[in-house]
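K.L.:
The following block contains the structure, expressed as structure tokens.
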Amino acid sequence: VYKRQGANCTIVCGNTIGRYALIGAGAVVTRDVLDYALVLGNPGRQVGWVSKKGERLSFKSNGESLCGNYSLSGDTVSFIER
């Protein structure tokens with residue numbers, strides 16, 4: 001499963017990086033990262049969601065992504081098989 005990490009990011013030992021998560025350059029990850037999460041900064045904070053291709057996701061009020069391939073329910077993003 002793909003995980004993308006930017007240059008010079010730091011992931012503190014013992015933390016789990018979720019599937020397809022994207023960690024920005026220079027970020028310091030101090031806690032677990034959810035699947036499809038976009039994390040930036042020091043300390044690392046989740047600022048959004050990304051697709052399997054690394055593109056930023058936006059969601060409608062019903063939880064479906066604008067591209068129609070992902071759904072958001074609470075803190076969980078799921079890929080919709082078509």
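Just remember, in the structure tokens the first chain shown is A, the second B, etc., residues are 1-based per chain, and ligands are 1-based in the order shown.
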List the neighbours of stretch 42-48 of chain A out to 7 Å using only C-alpha atoms; skip same-chain residues closer than 4 positions along the sequence, and give me the result as JSON, numbers by chain.

P.N.:
{"A": [27, 28, 29, 30, 37, 38]}

K.L.:
Could you please take those selected residues and save N, CA, C and O atoms as a CSV table (one decimal), in the first residue's frame?

P.N.:
```
chain,number,residue,atom,x,y,z
A,27,ALA,N,7.1,18.0,7.8
A,27,ALA,CA,6.2,17.7,8.9
A,27,ALA,C,6.8,16.8,9.9
A,27,ALA,O,7.7,16.0,9.7
A,28,VAL,N,6.3,17.0,11.2
A,28,VAL,CA,6.7,16.1,12.3
A,28,VAL,C,5.5,15.4,12.8
A,28,VAL,O,4.6,16.0,13.4
A,29,VAL,N,5.5,14.1,12.5
A,29,VAL,CA,4.3,13.3,12.9
A,29,VAL,C,4.5,12.7,14.3
A,29,VAL,O,5.4,12.0,14.6
A,30,THR,N,3.6,13.1,15.2
A,30,THR,CA,3.7,12.7,16.6
A,30,THR,C,2.6,11.8,17.1
A,30,THR,O,2.5,11.5,18.2
A,37,ALA,N,-5.3,10.5,4.9
A,37,ALA,CA,-5.2,11.8,5.5
A,37,ALA,C,-4.0,12.6,4.9
A,37,ALA,O,-3.0,12.0,4.4
A,38,LEU,N,-4.2,13.9,4.9
A,38,LEU,CA,-3.1,14.8,4.5
A,38,LEU,C,-2.7,15.5,5.7
A,38,LEU,O,-3.4,16.2,6.4
```

K.L.:
For stretch 68-77 of chain A, find every residue with an atom within 9 Å (counting only C-alpha atoms), except residues of its own chain fewer than 2 positions away, and show them as a VMD selection string.

P.N.:
chain A and resid 34 to 37 49 51 57 59 62 to 66 79 to 82

K.L.:
Which one is closest to A:Arg4: A:Ser58, A:Ala25, A:Thr16, A:Asp32? Count only C-alpha atoms.

P.N.:
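Looking only at the distances to A:Arg4, the closest residue turns out to be A:Ala25.
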
K.L.:
Nearest to A:Ile17 among A:Val33, A:Gln5, A:Ser78, A:Gly41, with distances taken over only C-alpha atoms: which residue is it?

P.N.:
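Closest residue, counting only C-alpha atoms: A:Val33.
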
K.L.:
Have a look at A:Glu55, A:Cys67, A:Leu40, A:Arg31 and name the one nearest to A:Gly18; count only C-alpha atoms.

P.N.:
A:Arg31

K.L.:
What separation in Å, quoted to one decimal, exists between atom CA of A:Cys9 and atom CA of A:Ala21?

P.N.:
13.4 Å

K.L.:
Could you jot down the atom CA of A:Cys13 to atom CA of A:Val39 separation for me, Å, one decimal place?

P.N.:
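Those two atoms sit 16.6 Å apart.
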
K.L.:
Would you mind writing down, as a list in words, each residue of chain A that DSSP on the backbone assigns to strand (DSSP E)?

P.N.:
Arg4, Gln5, Thr10, Ile11, Leu22, Ile23, Val28, Val29, Ala37, Leu38, Val39, Leu40, Arg45, Gln46, Val47, Gly48, Trp49, Tyr70, Ser71, Leu72, Ser73, Thr76, Val77, Ser78 and Phe79 of chain A

K.L.:
Write a file of the selected residues as a compact mmCIF listing (two decimals), in the first residue's frame, keeping N, CA, C and O atoms.

P.N.:
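And here's out.txt as it stands now:
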```
# COMPACT_ATOMS: atom_id res chain seq x y z
N ARG A 4 2.95 8.29 1.05
CA ARG A 4 3.82 9.31 0.49
C ARG A 4 4.33 10.19 1.62
O ARG A 4 3.55 10.67 2.43
N GLN A 5 5.63 10.40 1.62
CA GLN A 5 6.23 11.23 2.65
C GLN A 5 7.13 12.25 1.99
O GLN A 5 7.94 11.92 1.14
N THR A 10 9.61 13.98 9.64
CA THR A 10 10.02 13.14 10.77
C THR A 10 8.80 12.43 11.30
O THR A 10 7.77 13.05 11.57
N ILE A 11 8.92 11.11 11.44
CA ILE A 11 7.83 10.31 11.99
C ILE A 11 8.34 9.71 13.29
O ILE A 11 9.27 8.90 13.28
N LEU A 22 -0.70 11.08 3.04
CA LEU A 22 0.31 11.96 2.47
C LEU A 22 0.85 12.84 3.58
O LEU A 22 0.08 13.55 4.23
N ILE A 23 2.16 12.78 3.80
CA ILE A 23 2.83 13.58 4.82
C ILE A 23 3.64 14.65 4.10
O ILE A 23 4.47 14.33 3.25
N VAL A 28 6.32 16.96 11.17
CA VAL A 28 6.74 16.12 12.29
C VAL A 28 5.51 15.39 12.80
O VAL A 28 4.62 15.99 13.40
N VAL A 29 5.45 14.09 12.53
CA VAL A 29 4.28 13.27 12.89
C VAL A 29 4.48 12.74 14.30
O VAL A 29 5.41 11.98 14.56
N ALA A 37 -5.31 10.45 4.86
CA ALA A 37 -5.15 11.76 5.51
C ALA A 37 -4.02 12.57 4.89
O ALA A 37 -3.01 12.02 4.44
N LEU A 38 -4.18 13.87 4.89
CA LEU A 38 -3.14 14.82 4.48
C LEU A 38 -2.66 15.52 5.74
O LEU A 38 -3.44 16.17 6.44
N VAL A 39 -1.36 15.35 6.06
CA VAL A 39 -0.79 15.89 7.29
C VAL A 39 0.33 16.86 6.95
O VAL A 39 1.23 16.53 6.18
N LEU A 40 0.28 18.06 7.55
CA LEU A 40 1.28 19.10 7.32
C LEU A 40 1.68 19.72 8.64
O LEU A 40 0.93 19.70 9.61
N ARG A 45 -0.40 18.10 11.68
CA ARG A 45 -1.85 18.18 11.87
C ARG A 45 -2.53 17.75 10.58
O ARG A 45 -2.08 18.10 9.48
N GLN A 46 -3.63 17.03 10.71
CA GLN A 46 -4.39 16.66 9.53
C GLN A 46 -5.13 17.88 9.03
O GLN A 46 -5.88 18.51 9.77
N VAL A 47 -4.92 18.20 7.74
CA VAL A 47 -5.55 19.38 7.16
C VAL A 47 -6.52 19.02 6.05
O VAL A 47 -7.13 19.91 5.45
N GLY A 48 -6.65 17.74 5.74
CA GLY A 48 -7.57 17.33 4.69
C GLY A 48 -7.41 15.87 4.36
O GLY A 48 -6.84 15.09 5.14
N TRP A 49 -7.92 15.52 3.18
CA TRP A 49 -7.91 14.14 2.70
C TRP A 49 -7.36 14.11 1.30
O TRP A 49 -7.51 15.08 0.54
N TYR A 70 -15.02 8.33 -3.54
CA TYR A 70 -14.71 8.17 -2.11
C TYR A 70 -15.90 8.62 -1.28
O TYR A 70 -16.68 9.46 -1.70
N SER A 71 -16.00 8.04 -0.08
CA SER A 71 -17.04 8.49 0.85
C SER A 71 -16.40 8.79 2.20
O SER A 71 -15.42 8.14 2.59
N LEU A 72 -16.93 9.78 2.89
CA LEU A 72 -16.45 10.20 4.20
C LEU A 72 -17.55 9.95 5.21
O LEU A 72 -18.67 10.44 5.07
N SER A 73 -17.22 9.18 6.25
CA SER A 73 -18.14 8.91 7.34
C SER A 73 -17.38 9.08 8.64
O SER A 73 -16.51 8.26 8.97
N THR A 76 -13.48 8.47 8.74
CA THR A 76 -13.09 7.36 7.86
C THR A 76 -13.42 7.68 6.41
O THR A 76 -14.57 7.97 6.08
N VAL A 77 -12.40 7.62 5.56
CA VAL A 77 -12.60 7.76 4.13
C VAL A 77 -12.51 6.37 3.52
O VAL A 77 -11.61 5.59 3.84
N SER A 78 -13.46 6.04 2.65
CA SER A 78 -13.48 4.75 1.99
C SER A 78 -13.51 4.93 0.48
O SER A 78 -14.17 5.84 -0.03
N PHE A 79 -12.80 4.05 -0.22
CA PHE A 79 -12.84 4.04 -1.68
C PHE A 79 -14.08 3.29 -2.11
O PHE A 79 -14.38 2.22 -1.58
```
